[in-house]
Structure formats: structure tokens, C-alpha cells
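Source file: coords.txt (compact mmCIF, C-alpha atoms)
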# COMPACT_ATOMS: atom_id res chain seq x y z
CA MET A 1 -50.16 -83.34 -29.27
CA ARG A 2 -50.98 -82.48 -25.61
CA ALA A 3 -47.52 -80.93 -25.18
CA ALA A 4 -47.94 -78.88 -28.35
CA ALA A 5 -51.31 -77.58 -27.19
CA LEU A 6 -49.88 -76.63 -23.79
CA LEU A 7 -47.05 -74.76 -25.47
CA ALA A 8 -49.54 -72.92 -27.70
CA VAL A 9 -51.60 -71.84 -24.68
CA THR A 10 -48.48 -70.63 -22.91
CA ALA A 11 -47.37 -68.62 -25.93
CA SER A 12 -50.87 -67.12 -26.26
CA ALA A 13 -50.76 -66.05 -22.61
CA VAL A 14 -47.46 -64.32 -23.22
CA LEU A 15 -48.89 -62.43 -26.18
CA LEU A 16 -52.23 -61.51 -24.66
CA ALA A 17 -51.07 -60.50 -21.18
CA PRO A 18 -50.98 -56.70 -20.78
CA ALA A 19 -47.51 -55.18 -21.20
CA PRO A 20 -46.20 -53.44 -18.11
CA ALA A 21 -46.20 -49.64 -18.17
CA VAL A 22 -42.85 -48.12 -19.10
CA GLY A 23 -40.81 -47.64 -15.97
CA THR A 24 -43.00 -49.89 -13.76
CA ALA A 25 -40.71 -52.93 -13.89
CA ALA A 26 -37.64 -50.76 -13.51
CA ALA A 27 -39.14 -49.07 -10.48
CA ALA A 28 -40.09 -52.42 -8.94
CA THR A 29 -36.61 -53.87 -9.34
CA ARG A 30 -34.62 -50.72 -8.58
CA THR A 31 -32.56 -51.07 -5.44
CA ALA A 32 -32.06 -48.25 -2.98
CA ALA A 33 -29.67 -45.73 -4.48
CA PRO A 34 -26.51 -44.94 -2.53
CA PRO A 35 -26.31 -41.48 -0.97
CA ALA A 36 -25.47 -38.77 -3.49
CA VAL A 37 -21.86 -37.58 -3.51
CA ARG A 38 -21.76 -33.94 -2.54
CA CYS A 39 -20.70 -31.53 -5.29
CA PRO A 40 -17.65 -29.35 -4.55
CA ARG A 41 -19.03 -25.92 -3.69
CA VAL A 42 -17.69 -22.64 -2.39
CA PRO A 43 -19.77 -20.47 -0.07
CA ALA A 44 -21.56 -17.59 -1.75
CA PRO A 45 -22.80 -14.34 -0.19
CA ALA A 46 -26.42 -14.43 0.97
CA VAL A 47 -28.76 -12.73 -1.47
CA SER A 48 -32.40 -11.70 -1.48
CA ARG A 49 -34.35 -13.63 -4.07
CA PRO A 50 -37.95 -14.62 -4.75
CA PRO A 51 -39.08 -18.01 -3.41
CA ARG A 52 -37.94 -20.89 -5.56
CA PRO A 53 -40.76 -22.28 -7.72
CA SER A 54 -41.85 -25.84 -7.09
CA PRO A 55 -40.39 -28.04 -9.83
CA PRO A 56 -42.52 -30.60 -11.65
CA PRO A 57 -42.63 -34.10 -10.15
CA ALA A 58 -39.55 -36.14 -10.98
CA VAL A 59 -40.03 -38.49 -13.94
CA PRO A 60 -37.73 -41.53 -13.58
CA GLU A 61 -37.41 -42.04 -17.33
CA ALA A 62 -36.31 -38.43 -17.84
CA ARG A 63 -33.67 -38.65 -15.11
CA VAL A 64 -31.83 -41.51 -16.82
CA VAL A 65 -31.70 -39.99 -20.29
CA GLY A 66 -28.06 -40.30 -21.30
CA GLY A 67 -27.27 -43.03 -18.80
CA ALA A 68 -28.36 -44.33 -15.41
CA GLY A 69 -25.32 -42.77 -13.75
CA LEU A 70 -26.75 -39.30 -14.43
CA ASP A 71 -29.71 -39.98 -12.13
CA THR A 72 -28.26 -38.21 -9.10
CA SER A 73 -28.70 -34.96 -7.25
CA GLY A 74 -24.99 -34.99 -6.45
CA LEU A 75 -21.66 -35.37 -8.20
CA VAL A 76 -21.03 -37.86 -11.03
CA VAL A 77 -17.50 -38.04 -12.49
CA PRO A 78 -15.35 -40.80 -14.01
CA ALA A 79 -13.51 -43.01 -11.53
CA GLY A 80 -9.97 -42.02 -10.69
CA VAL A 81 -10.02 -38.46 -12.09
CA ASP A 82 -9.18 -35.25 -10.25
CA ALA A 83 -12.07 -33.59 -8.46
CA PRO A 84 -13.79 -30.80 -10.39
CA PRO A 85 -13.42 -27.22 -9.16
CA ALA A 86 -15.61 -25.92 -6.35
CA ILE A 87 -18.14 -23.39 -7.65
CA THR A 88 -21.44 -21.85 -6.56
CA ALA A 89 -23.69 -23.29 -9.30
CA THR A 90 -26.36 -25.63 -7.97
CA SER A 91 -26.12 -27.90 -11.02
CA TRP A 92 -23.75 -28.24 -13.98
CA LEU A 93 -22.56 -30.54 -16.77
CA VAL A 94 -19.51 -30.84 -19.04
CA ALA A 95 -19.78 -32.75 -22.32
CA ASP A 96 -17.97 -33.28 -25.61
CA LEU A 97 -19.75 -31.43 -28.43
CA ASP A 98 -18.58 -33.89 -31.08
CA SER A 99 -18.69 -37.35 -29.49
CA GLY A 100 -21.55 -36.51 -27.13
CA GLN A 101 -19.72 -38.03 -24.16
CA VAL A 102 -20.76 -36.57 -20.81
CA LEU A 103 -17.56 -36.02 -18.84
CA GLY A 104 -19.17 -35.19 -15.52
CA GLY A 105 -21.85 -33.24 -13.77
CA CYS A 106 -23.51 -32.12 -10.58
CA GLY A 107 -27.22 -32.92 -10.43
CA PRO A 108 -27.35 -33.04 -14.25
CA HIS A 109 -31.08 -33.84 -14.31
CA GLU A 110 -32.13 -31.53 -11.47
CA TYR A 111 -34.74 -28.94 -12.48
CA GLY A 112 -33.54 -25.34 -12.67
CA THR A 113 -34.76 -21.97 -13.94
CA PRO A 114 -33.04 -21.01 -17.21
CA ALA A 115 -33.11 -17.19 -17.46
CA SER A 116 -31.62 -16.00 -20.76
CA VAL A 117 -29.80 -19.21 -21.66
CA GLN A 118 -33.27 -20.20 -22.86
CA LYS A 119 -32.52 -17.99 -25.86
CA LEU A 120 -30.37 -20.87 -27.09
CA LEU A 121 -33.50 -23.00 -27.44
CA LEU A 122 -35.02 -20.15 -29.46
CA ALA A 123 -31.93 -20.16 -31.67
CA ALA A 124 -31.94 -23.94 -32.10
CA THR A 125 -35.60 -23.75 -33.13
CA MET A 126 -35.82 -20.62 -35.27
CA MET A 127 -32.43 -20.18 -36.90
CA PRO A 128 -33.11 -22.85 -39.56
CA ARG A 129 -36.55 -21.29 -40.25
CA LEU A 130 -35.65 -17.64 -40.77
CA ASP A 131 -33.74 -15.98 -43.62
CA PRO A 132 -31.08 -13.76 -42.02
CA ALA A 133 -31.09 -11.38 -45.01
CA GLU A 134 -34.83 -10.63 -44.77
CA THR A 135 -35.80 -7.19 -43.47
CA VAL A 136 -38.68 -7.13 -41.01
CA THR A 137 -40.60 -4.59 -38.93
CA VAL A 138 -40.62 -4.64 -35.12
CA THR A 139 -44.13 -4.48 -33.66
CA ALA A 140 -45.59 -3.08 -30.44
CA ALA A 141 -46.08 -6.65 -29.17
CA ASP A 142 -42.35 -7.34 -29.64
CA MET A 143 -41.59 -4.43 -27.30
CA ASN A 144 -43.77 -5.85 -24.53
CA ILE A 145 -41.01 -6.88 -22.12
CA GLU A 146 -40.57 -6.59 -18.38
CA PRO A 147 -39.50 -3.03 -17.42
CA GLY A 148 -35.81 -2.90 -16.63
CA SER A 149 -35.09 -6.26 -18.24
CA SER A 150 -32.39 -6.81 -20.84
CA ALA A 151 -33.02 -5.06 -24.18
CA VAL A 152 -30.83 -4.37 -27.18
CA GLY A 153 -32.53 -1.11 -28.22
CA LEU A 154 -34.84 -2.03 -31.10
CA VAL A 155 -37.72 0.40 -31.63
CA GLU A 156 -41.35 -0.14 -32.56
CA GLY A 157 -41.78 0.33 -36.29
CA GLY A 158 -38.05 -0.07 -36.87
CA ARG A 159 -36.86 -2.02 -39.89
CA TYR A 160 -34.03 -4.49 -39.28
CA THR A 161 -32.58 -7.54 -40.95
CA ILE A 162 -33.20 -10.78 -39.14
CA GLU A 163 -29.43 -11.15 -38.79
CA THR A 164 -29.30 -7.86 -36.88
CA ILE A 165 -32.04 -9.14 -34.56
CA TRP A 166 -30.13 -12.39 -33.97
CA LEU A 167 -27.02 -10.41 -33.06
CA GLY A 168 -29.07 -8.29 -30.69
CA LEU A 169 -30.36 -11.48 -29.10
CA LEU A 170 -27.05 -13.31 -28.72
CA LEU A 171 -24.66 -10.41 -28.01
CA ASN A 172 -26.84 -8.26 -25.76
CA SER A 173 -29.57 -10.74 -24.73
CA GLY A 174 -32.32 -8.48 -26.09
CA ASN A 175 -35.69 -9.64 -24.82
CA GLU A 176 -37.52 -7.63 -27.47
CA ALA A 177 -35.35 -9.42 -30.06
CA ALA A 178 -36.49 -12.76 -28.62
CA ASN A 179 -40.15 -11.74 -28.93
CA ALA A 180 -39.63 -10.67 -32.53
CA LEU A 181 -37.86 -13.88 -33.55
CA ALA A 182 -40.45 -16.08 -31.84
CA ARG A 183 -43.21 -14.17 -33.64
CA LEU A 184 -41.50 -14.33 -37.01
CA GLY A 185 -40.87 -18.08 -36.75
CA GLY A 186 -44.10 -18.98 -34.97
CA GLY A 187 -46.42 -19.07 -37.97
CA PRO A 188 -50.05 -17.90 -37.78
CA ASP A 189 -50.00 -17.95 -33.96
CA GLY A 190 -47.08 -15.56 -33.78
CA ALA A 191 -44.99 -15.58 -30.59
CA ALA A 192 -47.27 -18.17 -28.97
CA GLY A 193 -46.62 -20.46 -31.92
CA GLY A 194 -42.92 -19.75 -31.53
CA VAL A 195 -42.92 -20.88 -27.89
CA ARG A 196 -44.87 -23.99 -28.85
CA ALA A 197 -42.26 -24.74 -31.54
CA MET A 198 -39.51 -24.29 -28.95
CA ASN A 199 -41.10 -26.92 -26.73
CA GLU A 200 -41.51 -29.27 -29.68
CA GLN A 201 -37.84 -28.78 -30.54
CA ALA A 202 -36.80 -29.47 -26.95
CA HIS A 203 -38.72 -32.74 -27.04
CA HIS A 204 -37.15 -33.65 -30.39
CA LEU A 205 -33.67 -33.02 -28.99
CA GLY A 206 -34.37 -35.26 -25.98
CA ALA A 207 -34.53 -32.33 -23.54
CA LEU A 208 -37.45 -33.87 -21.67
CA GLN A 209 -37.06 -31.66 -18.59
CA THR A 210 -37.27 -28.41 -20.53
CA HIS A 211 -40.46 -26.39 -20.78
CA ALA A 212 -40.45 -22.87 -22.21
CA VAL A 213 -43.09 -20.31 -21.27
CA THR A 214 -41.40 -17.18 -22.62
CA PRO A 215 -39.13 -17.02 -25.69
CA SER A 216 -36.60 -14.81 -23.90
CA GLY A 217 -36.14 -16.76 -20.68
CA LEU A 218 -37.86 -14.09 -18.59
CA ASP A 219 -39.38 -15.99 -15.70
CA GLY A 220 -42.72 -17.70 -16.34
CA LYS A 221 -44.76 -20.10 -14.26
CA GLY A 222 -43.79 -23.68 -15.05
CA GLN A 223 -40.63 -22.74 -16.95
CA PHE A 224 -37.79 -25.18 -16.21
CA THR A 225 -34.77 -26.88 -17.70
CA SER A 226 -31.75 -28.91 -16.53
CA ALA A 227 -28.00 -28.79 -17.04
CA TYR A 228 -28.24 -31.94 -19.18
CA ASP A 229 -30.99 -30.48 -21.35
CA LEU A 230 -29.02 -27.27 -21.88
CA ALA A 231 -26.10 -29.34 -23.20
CA LEU A 232 -28.41 -30.99 -25.77
CA ILE A 233 -29.73 -27.58 -26.81
CA ALA A 234 -26.25 -26.04 -27.00
CA ARG A 235 -25.03 -28.95 -29.11
CA ALA A 236 -27.84 -28.29 -31.60
CA CYS A 237 -26.89 -24.61 -31.70
CA PHE A 238 -23.17 -25.19 -32.25
CA ALA A 239 -23.99 -27.60 -35.08
CA GLN A 240 -25.17 -24.56 -37.07
CA PRO A 241 -22.41 -22.53 -38.79
CA THR A 242 -24.49 -19.34 -38.59
CA PHE A 243 -24.84 -19.67 -34.83
CA ARG A 244 -21.12 -20.29 -34.42
CA ARG A 245 -20.39 -17.09 -36.34
CA TYR A 246 -22.83 -15.04 -34.28
CA ALA A 247 -21.55 -16.49 -31.00
CA LEU A 248 -18.01 -15.28 -31.75
CA THR A 249 -19.04 -11.86 -33.06
CA ASP A 250 -17.33 -9.13 -31.02
CA LEU A 251 -19.13 -6.00 -32.20
CA ALA A 252 -22.30 -5.35 -34.21
CA THR A 253 -24.17 -2.24 -35.33
CA ILE A 254 -27.84 -1.57 -34.75
CA PRO A 255 -28.74 0.71 -37.65
CA ALA A 256 -30.38 4.13 -37.37
CA GLN A 257 -34.14 4.37 -37.85
CA PRO A 258 -34.83 7.76 -39.45
CA ALA A 259 -38.61 7.33 -39.34
CA GLN A 260 -38.40 6.81 -35.57
CA ARG A 261 -35.66 9.46 -35.19
CA THR A 262 -33.18 7.11 -33.59
CA LYS A 263 -29.47 6.97 -34.34
CA GLY A 264 -27.45 3.87 -35.01
CA PHE A 265 -25.21 2.45 -32.31
CA GLN A 266 -22.82 -0.41 -31.62
CA ILE A 267 -23.31 -3.37 -29.30
CA GLN A 268 -20.63 -5.63 -27.83
CA ASN A 269 -20.75 -9.31 -27.00
CA GLU A 270 -21.44 -9.69 -23.26
CA ASN A 271 -19.94 -13.20 -23.04
CA GLN A 272 -16.51 -12.59 -21.52
CA LEU A 273 -15.40 -16.11 -22.36
CA ILE A 274 -14.71 -15.12 -25.97
CA TYR A 275 -12.25 -12.44 -24.85
CA ARG A 276 -10.55 -14.21 -21.95
CA TYR A 277 -10.51 -17.94 -22.67
CA PRO A 278 -8.17 -19.33 -25.38
CA GLY A 279 -10.12 -21.40 -27.88
CA ALA A 280 -13.51 -20.03 -26.82
CA LEU A 281 -16.38 -20.79 -29.21
CA GLY A 282 -19.02 -18.63 -27.50
CA GLY A 283 -22.16 -19.35 -25.56
CA LYS A 284 -24.80 -17.44 -23.60
CA THR A 285 -25.14 -15.72 -20.27
CA GLY A 286 -28.34 -15.44 -18.23
CA PHE A 287 -29.67 -13.85 -15.06
CA THR A 288 -32.93 -13.18 -13.26
CA ASP A 289 -33.52 -12.68 -9.55
CA LEU A 290 -35.28 -16.04 -9.51
CA ALA A 291 -32.87 -18.07 -11.64
CA ARG A 292 -29.72 -16.33 -10.40
CA HIS A 293 -26.82 -16.66 -12.84
CA THR A 294 -26.97 -19.27 -15.60
CA TYR A 295 -24.34 -19.95 -18.22
CA VAL A 296 -23.55 -22.00 -21.32
CA GLY A 297 -20.10 -21.86 -22.92
CA ALA A 298 -18.00 -23.88 -25.34
CA ALA A 299 -14.34 -24.01 -26.28
CA GLN A 300 -11.89 -26.08 -28.30
CA ARG A 301 -8.43 -27.33 -27.41
CA ASN A 302 -6.18 -29.85 -29.19
CA GLY A 303 -8.94 -30.79 -31.63
CA ARG A 304 -11.49 -31.34 -28.88
CA ARG A 305 -14.66 -29.26 -28.39
CA LEU A 306 -16.33 -29.18 -24.98
CA VAL A 307 -19.46 -27.48 -23.71
CA VAL A 308 -20.30 -26.50 -20.12
CA THR A 309 -23.72 -25.65 -18.73
CA LEU A 310 -24.55 -24.37 -15.26
CA LEU A 311 -27.61 -23.20 -13.34
CA GLY A 312 -28.24 -21.32 -10.11
CA ALA A 313 -24.82 -19.69 -9.69
CA GLU A 314 -23.83 -16.61 -7.71
CA PRO A 315 -21.32 -14.06 -9.10
CA ALA A 316 -18.94 -14.25 -6.13
CA PRO A 317 -16.28 -15.39 -5.72
CA MET A 318 -16.41 -16.21 -9.46
CA ARG A 319 -18.79 -14.92 -12.11
CA GLY A 320 -20.82 -17.35 -14.18
CA TRP A 321 -18.47 -17.41 -17.17
CA GLU A 322 -15.48 -17.89 -14.84
CA GLN A 323 -17.14 -20.90 -13.25
CA GLY A 324 -17.76 -22.23 -16.75
CA ALA A 325 -14.12 -21.64 -17.68
CA ALA A 326 -12.93 -23.52 -14.58
CA LEU A 327 -15.12 -26.49 -15.48
CA LEU A 328 -13.87 -26.41 -19.08
CA ASP A 329 -10.28 -26.54 -17.83
CA TRP A 330 -11.21 -29.56 -15.73
CA GLY A 331 -12.91 -31.23 -18.69
CA PHE A 332 -9.92 -30.72 -20.99
CA SER A 333 -7.69 -32.31 -18.34
CA LEU A 334 -9.59 -35.63 -18.51
CA PRO A 335 -8.63 -38.51 -20.81
CA ARG A 336 -10.61 -38.56 -24.04
CA ALA A 337 -12.22 -41.88 -23.14
CA ALA A 338 -13.44 -40.67 -19.73
CA ALA A 339 -17.25 -40.51 -19.59
CA VAL A 340 -20.19 -41.01 -17.25
CA GLY A 341 -22.94 -40.92 -19.88
CA ARG A 342 -23.75 -39.42 -23.26
CA LEU A 343 -25.83 -36.77 -24.97
CA VAL A 344 -28.65 -38.45 -26.88
CA GLU A 345 -29.01 -37.65 -30.57
CA PRO A 346 -31.82 -35.46 -31.93
CA GLY A 347 -34.91 -37.57 -32.56
CA GLU A 348 -33.49 -40.61 -30.76
CA LEU A 349 -36.06 -40.63 -27.97
CA THR A 350 -38.99 -39.89 -30.27
CA ALA A 351 -38.17 -42.54 -32.88
CA THR A 352 -40.79 -45.30 -33.01
CA PRO A 353 -39.54 -48.12 -35.29
CA SER A 354 -42.06 -50.82 -36.14
CA PRO A 355 -41.75 -54.22 -34.39
CA ALA A 356 -41.01 -55.86 -37.73
CA SER A 357 -38.14 -53.51 -38.52
CA SER A 358 -36.83 -53.88 -34.97
CA ALA A 359 -36.92 -57.68 -35.25
CA LEU A 360 -35.22 -57.72 -38.63
CA ALA A 361 -32.58 -55.11 -37.83
CA ALA A 362 -29.10 -56.56 -37.50
CA PRO A 363 -27.57 -56.05 -34.05
CA GLY A 364 -25.12 -53.16 -33.89
CA PRO A 365 -21.84 -53.01 -32.00
CA ALA A 366 -22.07 -53.27 -28.24
CA ARG A 367 -22.28 -49.94 -26.42
CA PRO A 368 -20.70 -49.44 -22.98
CA ALA A 369 -23.21 -49.60 -20.15
CA ALA A 370 -22.48 -46.02 -19.13
CA ALA A 371 -23.35 -44.83 -22.61
CA SER A 372 -26.66 -46.62 -23.01
CA GLY A 373 -29.86 -44.58 -22.93
CA PRO A 374 -33.53 -45.31 -22.53
CA ALA A 375 -34.22 -45.21 -26.24
CA HIS A 376 -33.05 -48.80 -26.75
CA THR A 377 -33.40 -50.35 -23.33
CA GLY A 378 -35.98 -50.88 -20.62
CA PRO A 379 -39.06 -53.03 -20.06
CA GLY A 380 -40.99 -51.71 -23.07
CA TRP A 381 -38.26 -52.75 -25.49
CA LEU A 382 -37.84 -56.14 -23.78
CA TRP A 383 -41.59 -56.77 -23.89
CA SER A 384 -41.61 -56.11 -27.63
CA VAL A 385 -38.92 -58.74 -28.14
CA VAL A 386 -40.86 -61.25 -26.00
CA ALA A 387 -44.06 -60.55 -27.92
CA ILE A 388 -42.36 -60.98 -31.28
CA SER A 389 -40.78 -64.24 -30.12
CA GLY A 390 -44.16 -65.46 -28.88
CA ALA A 391 -45.75 -64.63 -32.21
CA GLY A 392 -43.09 -66.69 -33.96
CA VAL A 393 -43.85 -69.65 -31.68
CA LEU A 394 -47.58 -69.45 -32.47
CA VAL A 395 -46.93 -69.35 -36.20
CA LEU A 396 -44.66 -72.39 -35.94
CA LEU A 397 -47.15 -74.35 -33.82
CA GLY A 398 -50.00 -73.47 -36.16
CA GLY A 399 -48.04 -74.82 -39.07
CA LEU A 400 -47.23 -78.07 -37.25
CA LEU A 401 -50.86 -78.66 -36.18
CA TRP A 402 -52.16 -77.98 -39.69
CA HIS A 403 -49.61 -80.37 -41.14
CA ARG A 404 -50.57 -83.05 -38.55
CA ARG A 405 -54.31 -82.69 -39.37
CA ARG A 406 -53.55 -83.13 -43.07
CA ARG A 407 -51.69 -86.34 -42.32
CA LEU A 408 -54.61 -87.66 -40.19
CA ALA A 409 -57.29 -86.76 -42.77
Structure translated into C-alpha cells:
Amino acid sequence: MRAAALLAVTASAVLLAPAPAVGTAAAATRTAAPPAVRCPRVPAPAVSRPPRPSPPPAVPEARVVGGAGLDTSGLVVPAGVDAPPAITATSWLVADLDSGQVLGGCGPHEYGTPASVQKLLLAATMMPRLDPAETVTVTAADMNIEPGSSAVGLVEGGRYTIETIWLGLLLNSGNEAANALARLGGGPDGAAGGVRAMNEQAHHLGALQTHAVTPSGLDGKGQFTSAYDLALIARACFAQPTFRRYALTDLATIPAQPAQRTKGFQIQNENQLIYRYPGALGGKTGFTDLARHTYVGAAQRNGRRLVVTLLGAEPAPMRGWEQGAALLDWGFSLPRAAAVGRLVEPGELTATPSPASSALAAPGPARPAAASGPAHTGPGWLWSVVAISGAGVLVLLGGLLWHRRRRLA
């Protein structure tokens, strides 16, 4: 009886003790990381640019999304493979669009400024919400863009189909098109609601280091992303047939607006990858003085689809799309099983299964250590298992004590 009581007290202490904060135990037991492996880089001409913004504080849990090996400011590639090409981008990532395997990267979770590749987050968020056949009117607020910034040529009061606006966004990176689409998909709050929806979508996708301030990617205070996050966002875009069609569109027509006395004109896709890289699937270019050149591109070869993302590149000696093409070539040269991590699935990091369903769920097949993410591991998950086990012990002891009292009565 004394032993049973002691065991009950011990189990109660396990249940009632406060659970450690997520990341605390991991931080306490984490050993000193080895020095980061330097990424292959080529020198770029010196340029005049605004001061780099201060990134948000590093969040340990966000830096290991997709695998602990991705938590580095340097190079991460599979063992025994050829070195990736030397480029000017400050961070990059190559991943498989279908399997989600991350093939390699340079500072994949380092904060960077997105420029117009942020329009992919707008597409991932708004494309399922908007009817491409609907005709809408462009407003004065839509035309409120930074003077001299990228525009497709829409006019205030003009009437366009939503599909035309999407083509203006993705082919010519129209900032006024971005404003219009954010407004149209943002609900009662208009463009502000659209930006809020973009941030919610980023969180849903697992892009925890992404924060949008403008729908177009024009620089805004506190606006950041990472090469890893851009791969998650691009994967969501390429999962949509409509996006894939737009991304490979060569030419499109912006119709005349007789009421505004403007003629129609043609626009051409600015992503040179679709013209010069066999198997190209499309993507998005970006540039601001602050962000420098950013790029997202995808291609297929021998039944395999890869995506490349890069931030902070200079256009010499290779332009952004050329750096992306070089990394795609490197990715296609790797064995199919080669990986250093994975792209998490949409909703994976925000899923909150109940303890009961977690306890009753049958164990799935083992996943390689490099492919495990924070959604199913870590001190919080372990503490839940301990708590559930402790609860089972208490129930068992309670039953034994009750049965013993009945026998002694």
C-alpha cells in the first residue's frame, strides 16, 4: 500500500509540474554548432544601396522548420555531392516541388527582403478566391504606387477581367495590379485585408519567417522572408493549374479603355527562364534597391520538378534568372534520394490534434532524421506523451485502491 501511494504521488507530480516552454529544453541541451560552411560565391561589383534593415530576432523554432540541418547561415548540401555553383545571391534553396525534399541551400532560414517575388504570396492567397472571368474596375487607390516602380499600364476607371490583372502582375510585375488584386480579395478591409490574408496564408503554409507589409513587394518596414519560405510559397502556387498557365504565358494583351482614351497594347513575360531554359515552368523576378535581385523559378526534367529561390543577388556576372538556372542544373544532377531536409505541408505546423487522438493514433512509418520537422517532435510533444502516460498510471492506481478498499470493507 505504501509503495502504491508513493507511485501515485510521483505520477501526480509528473502531471501537475509545469510543462517547459517550447524550445526551452532544446535550447538547454543544444551543443555548440560547428562553424557554418561558407557558400560558394563570386565577387559582385560594388553598388550603392540603402542601409539593410534590421531583421527580426532569430526564432530557434522557425530556423529548424524542415529539418535541423537547415539551421545554418552557411551551406547545407547532401554528403558526397558536387559543390553547387558560385553565385552572388546571399541566400538560396533548391527543392523538389513534388516530394518536398530540400536538395540544398545557403542560409535557407536567413531573413531577406523579398521585392516582387512577394507577388507569389499574393497569388497563393488570392488566386483561389477570385473569379478570373469577372470584370472589375481599377480605382484611384490601386494606382497609388511608388513613382518609377514597376507598372503594367492599368488606368484608373479602366475595366479589366481579373485574369488580365493576374497576367499584368505575373508577366510585367505590375504593382498597381497587386494593389487591385489585394483589394478585390481582401474583403471589407480592401487592400489592408488582402495583406492580412497574405500573412495568414504564409503562416498556414509554414512560412514562419515571412511577413508582408505591401501586396506588391515594394519595400515596407518589417517586411521579410527567407529562401525556405519562398519555396513553400512557390510550391503552393505551382499546385494551382491556373498559376502554371499564367507563369508560362509568353504574350498577353491589355485591352483598350475607350472611356479613358487609352489604346490596347501587348505585354511580354519578363522571366527569361521560360525562353532560355529547357523544361522551364515559370516563376517570378524581383528587384528593389534595398532587396537587390530576388528570383523564384521552376523547371522539369526526366519527370522531376524542381524549384529554386534566391535572395540578395547582383546582376553581374550572372543575372538572377541565370543564377537560378545554374542552381537548377546542379539540383537535377543530384540523385533523387539526396536531401538535407523537406518542405513542410500546408497546415502541418498549425495543426493541433487533441491529446486523445494523438495517443490513440497508430504510429506511422519511420521518417529519416533529416526529414523530420518541428510539427511532430520537440519537448512539447514529448511532454504530452509523458502527461498522457502519467494520467494512465493514476487511473490504474485509483482502480486498484478502490478495489482494495472494497475488499477491506
(request) Provide the atom CA of A:Ala178 to atom CA of A:Ala259 distance in Å, to one decimal place. (result)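 Rounded to one decimal, the two atoms are 22.9 Å apart.
Here the question is which of A:Thr125, A:Gly264, A:Tyr228, A:Lys119 gets nearest to A:Gly283 using all atoms listed in the file, and that residue is A:Lys119.
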(request) Counting all atoms listed in the file, figure out which residue out of A:Ala280, A:Ala338, A:Ala79, A:Ala115 gets nearest to A:Asp219. (result)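 Nearest to A:Asp219: A:Ala115.
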(message) If we count all atoms listed in the file and set the cut-off at 12 Å, which residues sit around A:Asp96, ignoring sequence neighbours fewer than 5 positions away in its own chain? Please answer as number ranges by chain.
(response) A: 101-104, 231-232, 234-235, 238, 297-301, 303-309, 328, 331-332, 334-344
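Closest approach to A:Ile162 among A:Ala192, A:Ala62, A:Ala86, A:Ile254: A:Ile254, based on only C-alpha atoms.
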(request) Enter the distance from atom CA of A:Ser226 to atom CA of A:Ala325, in Å, rounded to one decimal. (result)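 These two atoms are separated by 19.1 Å.
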(message) Measuring between only C-alpha atoms, which one of A:Val81, A:Leu93, A:Gly112, A:Glu163 shows the shortest distance to A:Phe224?
(response)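 Going through A:Val81, A:Leu93, A:Gly112, A:Glu163 one by one, the smallest distance to A:Phe224 is for A:Gly112.
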